[in-house]
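Inspection log for the structure reproduced underneath, given as C-alpha cells.
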Number of protein chains: 2
Amino acid sequence: MSADVIPLPRRENPSLDPLLSLTASGMNSVNHIILDRMQSDIPLIPTLAGHLISGGGKRMRPMLTLASAALLEYEGDRHHKLAASVEFIHTATLLHDDVVDGSDLRRGKKTANLVFGNPASVLVGDFLFSRSFELMVEDGSLKVLKILSNASAVIAAGEVDQLTAQRQIETSEERYLNIIGAKTAALFAAACRISAVVAERGEAEEQALDAYGRNLGIAFQLVDDAIDYDSSADEMGKGRGDDFREGKMTLPVILAYARGDEAERAFWKDAIAGRRSTDEDLAEAVRLIAKHDCVEATRERARHFVQRAIDAIGCFRQNAARDAMEEAALFAVSRRF
Amino acid sequence: MSADVIPLPRRENPSLDPLLSLTASGMNSVNHIILDRMQSDIPLIPTLAGHLISGGGKRMRPMLTLASAALLEYEGDRHHKLAASVEFIHTATLLHDDVVDGSDLRRGKKTANLVFGNPASVLVGDFLFSRSFELMVEDGSLKVLKILSNASAVIAAGEVDQLTAQRQIETSEERYLNIIGAKTAALFAAACRISAVVAERGEAEEQALDAYGRNLGIAFQLVDDAIDYDSSADEMGKGRGDDFREGKMTLPVILAYARGDEAERAFWKDAIAGRRSTDEDLAEAVRLIAKHDCVEATRERARHFVQRAIDAIGCFRQNAARDAMEEAALFAVSRRF
C-alpha cells in the first residue's frame, strides 16, 4: 500500500504547538468568556458544565476560529465571544452524545452522565446550547447566526443518521463520510468561516476557510475512528473499544468488512449486530483490522482530506497563522491519541 | 376557603373555542411551516418529530403568538414563521422532558422515547431546537432572537432546577413558582412578546404581552399539576400519578405537606423520597390532597395569575382577540383535562 501514500509537506513530528502559541492570548479571553457564561443561579449547571469544560479538551474549534481570524489579520475581538459560542455548541453535543452512547469515559475521565446522571446531562446540554445562541445574539451578526444555527441542525441530523446506521453492517464508506461530514466537520467548518464574516471578507474567503475547517474536521474524525482500533496508539481519551461495543460503523470496520473473507464477514456481522462484544472479540476485531491495514488505510484517507485542507488556505498570504494551521492539519493526521 | 375565591369575570363554561376560531387560518399557515420544516433527508427525524407533533397537542404557544398579533392588529405574516419556531422549541423540550422523566405517556399516546428510544429523542430534540433558530434567523429580527434564545436558556435552567428539587420534600412554594416560571411561563411570555416586536410596538406593549403570557403560563402549569392529583379530573393526557412516582414537588404536594399532621408528613417524606410509590400510595396521596383542599387551593392560586394575565392586557383596545385571550385565560384555570 505504501506506494499510494499521499506525499504531504514534510515536517518532522508536526505538533499543535504553533497553533497553541498563536492563539494563547486570545484563548485566555475565550476561556474567561466560557467560564463566565456557563454560570447560573442553579448550582448544578456550572458544576456539571465545568466537569466537562475543565476536563482537558483541546478546544480545537475555538482555536480554529482564532487562528482563522489571525490568518485574515483581523484586529478586533468580536471573534472571542463567537469562539466561546462555538465551544458551547460542541460541549452541548458532547454531553448529549455521551448520553446517547451511554459512555463512561471521555478524555480519560468519568463522563458527566455517569457522575451526574443522564437527565442532568441532557438539560445542561440544552442550557449550553441556548447560551451559545445568546452569545451570538449579543454579537449581533445575522450571518454568523445563520452559519451556526445551520451547522447545529446539520450536526443533530448527522447524529441521528449515525444512530440509524448503528449496528448496520451494510453501511457504506460514502454514508460514513456523510455522517462525519455532518456530525464533526460542519462545526469545524463553521468555526473557521465565522472569522471571515467578522473580518468582513468576501464569499471566496469564507468558502476557503469553510473548506479548510471541513476537511480538517473529516480528517480529525477519521483519525479518531482509526485510533479506536489501533493497537499501537496510546491508550487515553475515550474508552478503547467503545465504537466496537456500540456497533458503530466507522471506516476501519467498513474496510475490514469489505476486504475480509467469508468467515471474517460473518464475524463482523455478528459483532456489529451486538452478538460478539467481549474483550476477546475486540481483540479479534483489532487483529482483523490490522491484517487488512485498515488503520493505515483510514489514516491514508485522512491524509487526503488534510491535503485538501492545506490547499484550501493556499490562497492566503503565508503568515504565522497559515503556518500554524498547516501544521495543525499535519498533526491531525499523525497524532496517535 | 370559598370566601377567598377570587371573583373572575363571569363566563359560563369558558372554552378555547374563541381562540381557536381567531387563529384558525393563521394556524393553517403555521402548521404548514411546521410540517415543512421538520423534514430532513434522515427519515427518522420527520417520523419521530411527527409522532409528537401530530399527536394532538393544543399548540397553545403558537396560537398565543397569533392572538397577540391579532390583538395589535398586525397585518403581516412574519409571525407565522416565528410561531412555528416557538412550537419547535416547545416540542424539543417535550422530547427531552420525556427522556429526563422516563415518561411512557404523553397526550394519551406512547411517548417518542418509548417508541423510538431515548437516544433518538435526545437528538431529534436537538435538531428541532436548531431548526427553530434557523427559522428565527430567516425572519432576521435580532430582538426576537434575543427574546427566544433567552427564553430557551431560562427554560433549560428551570428544568435543571426542577431536577434538583425532585425528591426534596422541603421545596417551598416560592421555589416551585420560580421553577414553573422558568420551565413553562418563560416560553408563554416570549410567544406573546415577539408579536409586539414584529408589530413594531413599544416596550410597554411588549411588557404587557409578556406579562399576559407569563401569568397565563404559570396558571396553566398550576392547573396541570393540580389535575395530576384531582380525583374528579378526566383521565387523559399524561399518565396520572407520574408526578407522584417521580417525586416531583408540585404545589398540591407542597400544600398537603404544609397542612398535614405528623403522620401525614411522614407519609409525604417517604413518598417523595421514593419509598412509597404503589397504586395504594398514590390513592393515599390523592386522599390527603383532597382532605386539605389542595387541588382547589392550587386552582385558586391559578385564578390569581389568570386575573393578572387578564389585567395585563387591559391596556389594549377591546377586540375579538382580546376577548379570545381573556376567555383562554379563564379556560386555563377551569379546565379539567
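Here's how to read the names in the C-alpha cells: chain A, B, ... by the order shown, residue numbers from 1 in each chain, ligand numbers from 1 in the order shown.
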
Subject >> Shell of 9 Å around segment 286-297 of chain B, only C-alpha atoms, local chain residues under 6 positions omitted, as a PyMOL selection string >> reply: chain B and resi 1+223+225-227+229-231+251-257+259-260+264

**OP:** Would you give me, as a ChimeraX atom specification, the residues of chain B that come within 9 Å of chain A, using only C-alpha atoms?
**Re:** /B:40-45,93,96-97,99-101,118-120,122-134,137-138,140-143,145-146,148-161,163-164

**OP:** Fewer than 5 positions away in the same chain doesn't count, so skip those; otherwise give me all residues within 7 Å of segment 60-71 of chain A, counting only C-alpha atoms, as a PyMOL selection string.
**Re:** chain A and resi 23+26-27+79+83-84+86-87+188+191-192+195-196+319+321-322

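The shell of residues at most 7 Å from Ala112 of chain B, with only C-alpha atoms counted and near chain neighbours (fewer than 4 positions) removed, consists of Leu48, His51, Leu52, Phe116 and Ser121 of chain B.
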
Limited to C-alpha atoms, could you put the picked residues into a file as a compact mmCIF listing (two decimals), in the first residue's frame?
```txt
# COMPACT_ATOMS: atom_id res chain seq x y z
CA LEU B 48 -40.11 10.86 15.33
CA HIS B 51 -45.14 11.23 16.27
CA LEU B 52 -45.21 14.06 18.79
CA PHE B 116 -38.02 5.29 19.26
CA SER B 121 -35.46 11.53 21.21
```

**OP:** Mind checking which residues fall within 10 Å of Gly57 of chain A, counting only C-alpha atoms, ignoring those fewer than 2 positions away in the same chain, and posting them as a VMD selection string?
**Re:** chain A and resid 52 to 55 59 to 60 91 106 to 107 237

Can I get the selected residues back with N, CA, C and O atoms, as a compact mmCIF listing (two decimals), in the first residue's frame?
```txt
# COMPACT_ATOMS: atom_id res chain seq x y z
N LEU A 52 -17.03 18.86 32.44
CA LEU A 52 -16.59 18.57 31.07
C LEU A 52 -15.64 19.65 30.55
O LEU A 52 -14.60 19.35 29.96
N ILE A 53 -15.99 20.91 30.80
CA ILE A 53 -15.24 22.02 30.19
C ILE A 53 -13.82 22.11 30.76
O ILE A 53 -12.87 22.41 30.04
N SER A 54 -13.68 21.82 32.07
CA SER A 54 -12.34 21.86 32.64
C SER A 54 -11.66 20.49 32.54
O SER A 54 -10.65 20.24 33.17
N GLY A 55 -12.26 19.62 31.75
CA GLY A 55 -11.77 18.24 31.70
C GLY A 55 -10.66 18.03 30.69
O GLY A 55 -10.35 16.90 30.32
N ARG A 59 -9.95 22.05 22.88
CA ARG A 59 -10.55 23.31 22.40
C ARG A 59 -10.09 23.65 20.97
O ARG A 59 -9.73 24.78 20.65
N MET A 60 -10.09 22.62 20.13
CA MET A 60 -9.70 22.80 18.74
C MET A 60 -10.57 23.85 18.04
O MET A 60 -10.05 24.68 17.28
N THR A 91 -19.64 21.54 23.36
CA THR A 91 -19.81 20.94 24.69
C THR A 91 -21.22 20.35 24.84
O THR A 91 -21.39 19.25 25.39
N ARG A 106 -14.59 9.90 28.98
CA ARG A 106 -14.37 10.94 27.97
C ARG A 106 -13.10 11.65 28.39
O ARG A 106 -13.00 12.11 29.53
N ARG A 107 -12.15 11.76 27.50
CA ARG A 107 -10.86 12.39 27.82
C ARG A 107 -10.24 11.78 29.09
O ARG A 107 -9.73 12.48 29.95
N GLY A 237 -7.90 9.12 26.55
CA GLY A 237 -9.08 9.69 25.93
C GLY A 237 -10.27 8.78 26.12
O GLY A 237 -10.44 8.20 27.18
```

Write out as a CSV table (one decimal) with N, CA, C and O atoms, in the first residue's frame the residues lying within 6 Å of segment 205-212 of chain A, counting only C-alpha atoms and excluding same-chain residues fewer than 6 positions away.
```
chain,number,residue,atom,x,y,z
A,189,ALA,N,-16.0,23.6,10.1
A,189,ALA,CA,-16.1,24.5,9.0
A,189,ALA,C,-16.7,25.8,9.5
A,189,ALA,O,-16.2,26.9,9.1
A,192,CYS,N,-14.3,28.1,11.5
A,192,CYS,CA,-13.4,28.8,10.7
A,192,CYS,C,-14.1,29.9,9.9
A,192,CYS,O,-13.6,31.1,9.8
A,193,ARG,N,-15.2,29.6,9.3
A,193,ARG,CA,-15.9,30.5,8.4
A,193,ARG,C,-16.3,31.8,9.1
A,193,ARG,O,-16.3,32.9,8.5
A,196,ALA,N,-14.1,34.9,8.9
A,196,ALA,CA,-14.2,35.6,7.6
A,196,ALA,C,-15.4,36.6,7.6
A,196,ALA,O,-15.3,37.7,7.1
A,309,ALA,N,-7.4,20.4,3.0
A,309,ALA,CA,-7.5,21.5,4.0
A,309,ALA,C,-6.4,22.5,3.7
A,309,ALA,O,-6.6,23.7,3.7
A,312,ALA,N,-6.8,24.4,0.6
A,312,ALA,CA,-7.9,25.4,0.7
A,312,ALA,C,-7.5,26.7,1.1
A,312,ALA,O,-8.0,27.8,0.8
A,313,ILE,N,-6.4,26.8,2.0
A,313,ILE,CA,-6.0,28.1,2.5
A,313,ILE,C,-4.7,28.5,1.8
A,313,ILE,O,-4.0,29.5,2.2
```

Original post:
Within 12 Å of Leu222 of chain A, counting only C-alpha atoms, which residues qualify if same-chain residues fewer than 5 places away don't, as a PyMOL selection string?
Top reply: chain A and resi 173+176-177+179-181+184-185+215-217+227-229+249-253+294-306+332-335

Original post:
DSSP on the backbone: what in segment 79-153 of chain A comes out strand (DSSP E), as a PyMOL selection string?
Top reply: chain A and resi 105-106+109-110

May I have the residues from that selection written out with all heavy atoms, as a PDB file, in the first residue's frame?
```pdb
ATOM      1  N   LEU A 105     -16.511   7.003  29.765  1.00  0.00           N
ATOM      2  CA  LEU A 105     -15.228   7.714  29.782  1.00  0.00           C
ATOM      3  C   LEU A 105     -15.181   8.733  28.663  1.00  0.00           C
ATOM      4  O   LEU A 105     -15.628   8.480  27.549  1.00  0.00           O
ATOM      5  CB  LEU A 105     -14.068   6.738  29.563  1.00  0.00           C
ATOM      6  CG  LEU A 105     -13.471   6.009  30.761  1.00  0.00           C
ATOM      7  CD1 LEU A 105     -12.302   5.174  30.295  1.00  0.00           C
ATOM      8  CD2 LEU A 105     -13.029   6.974  31.859  1.00  0.00           C
ATOM      9  N   ARG A 106     -14.590   9.898  28.977  1.00  0.00           N
ATOM     10  CA  ARG A 106     -14.373  10.938  27.968  1.00  0.00           C
ATOM     11  C   ARG A 106     -13.102  11.653  28.388  1.00  0.00           C
ATOM     12  O   ARG A 106     -13.003  12.105  29.529  1.00  0.00           O
ATOM     13  CB  ARG A 106     -15.588  11.867  27.931  1.00  0.00           C
ATOM     14  CG  ARG A 106     -15.377  13.272  27.466  1.00  0.00           C
ATOM     15  CD  ARG A 106     -15.689  13.554  26.016  1.00  0.00           C
ATOM     16  NE  ARG A 106     -16.916  13.023  25.502  1.00  0.00           N
ATOM     17  CZ  ARG A 106     -17.096  12.820  24.170  1.00  0.00           C
ATOM     18  NH1 ARG A 106     -16.134  13.108  23.309  1.00  0.00           N
ATOM     19  NH2 ARG A 106     -18.234  12.322  23.728  1.00  0.00           N
ATOM     20  N   LYS A 109     -11.599  10.732  31.681  1.00  0.00           N
ATOM     21  CA  LYS A 109     -12.343  10.995  32.922  1.00  0.00           C
ATOM     22  C   LYS A 109     -13.716  10.356  32.841  1.00  0.00           C
ATOM     23  O   LYS A 109     -14.243  10.131  31.752  1.00  0.00           O
ATOM     24  CB  LYS A 109     -12.567  12.511  33.079  1.00  0.00           C
ATOM     25  CG  LYS A 109     -11.523  13.240  33.889  1.00  0.00           C
ATOM     26  CD  LYS A 109     -11.839  14.735  33.935  1.00  0.00           C
ATOM     27  CE  LYS A 109     -12.947  15.091  34.938  1.00  0.00           C
ATOM     28  NZ  LYS A 109     -13.094  16.558  35.074  1.00  0.00           N
ATOM     29  N   LYS A 110     -14.324  10.123  34.027  1.00  0.00           N
ATOM     30  CA  LYS A 110     -15.714   9.668  34.019  1.00  0.00           C
ATOM     31  C   LYS A 110     -16.577  10.710  33.292  1.00  0.00           C
ATOM     32  O   LYS A 110     -16.401  11.912  33.483  1.00  0.00           O
ATOM     33  CB  LYS A 110     -16.218   9.531  35.454  1.00  0.00           C
ATOM     34  CG  LYS A 110     -15.774   8.252  36.145  1.00  0.00           C
ATOM     35  CD  LYS A 110     -16.446   8.137  37.501  1.00  0.00           C
ATOM     36  CE  LYS A 110     -15.898   6.946  38.259  1.00  0.00           C
ATOM     37  NZ  LYS A 110     -16.379   6.908  39.648  1.00  0.00           N
TER      38      LYS A 110
END
```

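Distance-wise, atom CA of Ala324 of chain A and atom CA of Leu16 of chain A end up 7.7 Å apart.
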
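Taking atom CA of Asp242 of chain A and atom CA of Gly50 of chain A as endpoints, the distance between them is 23.9 Å.
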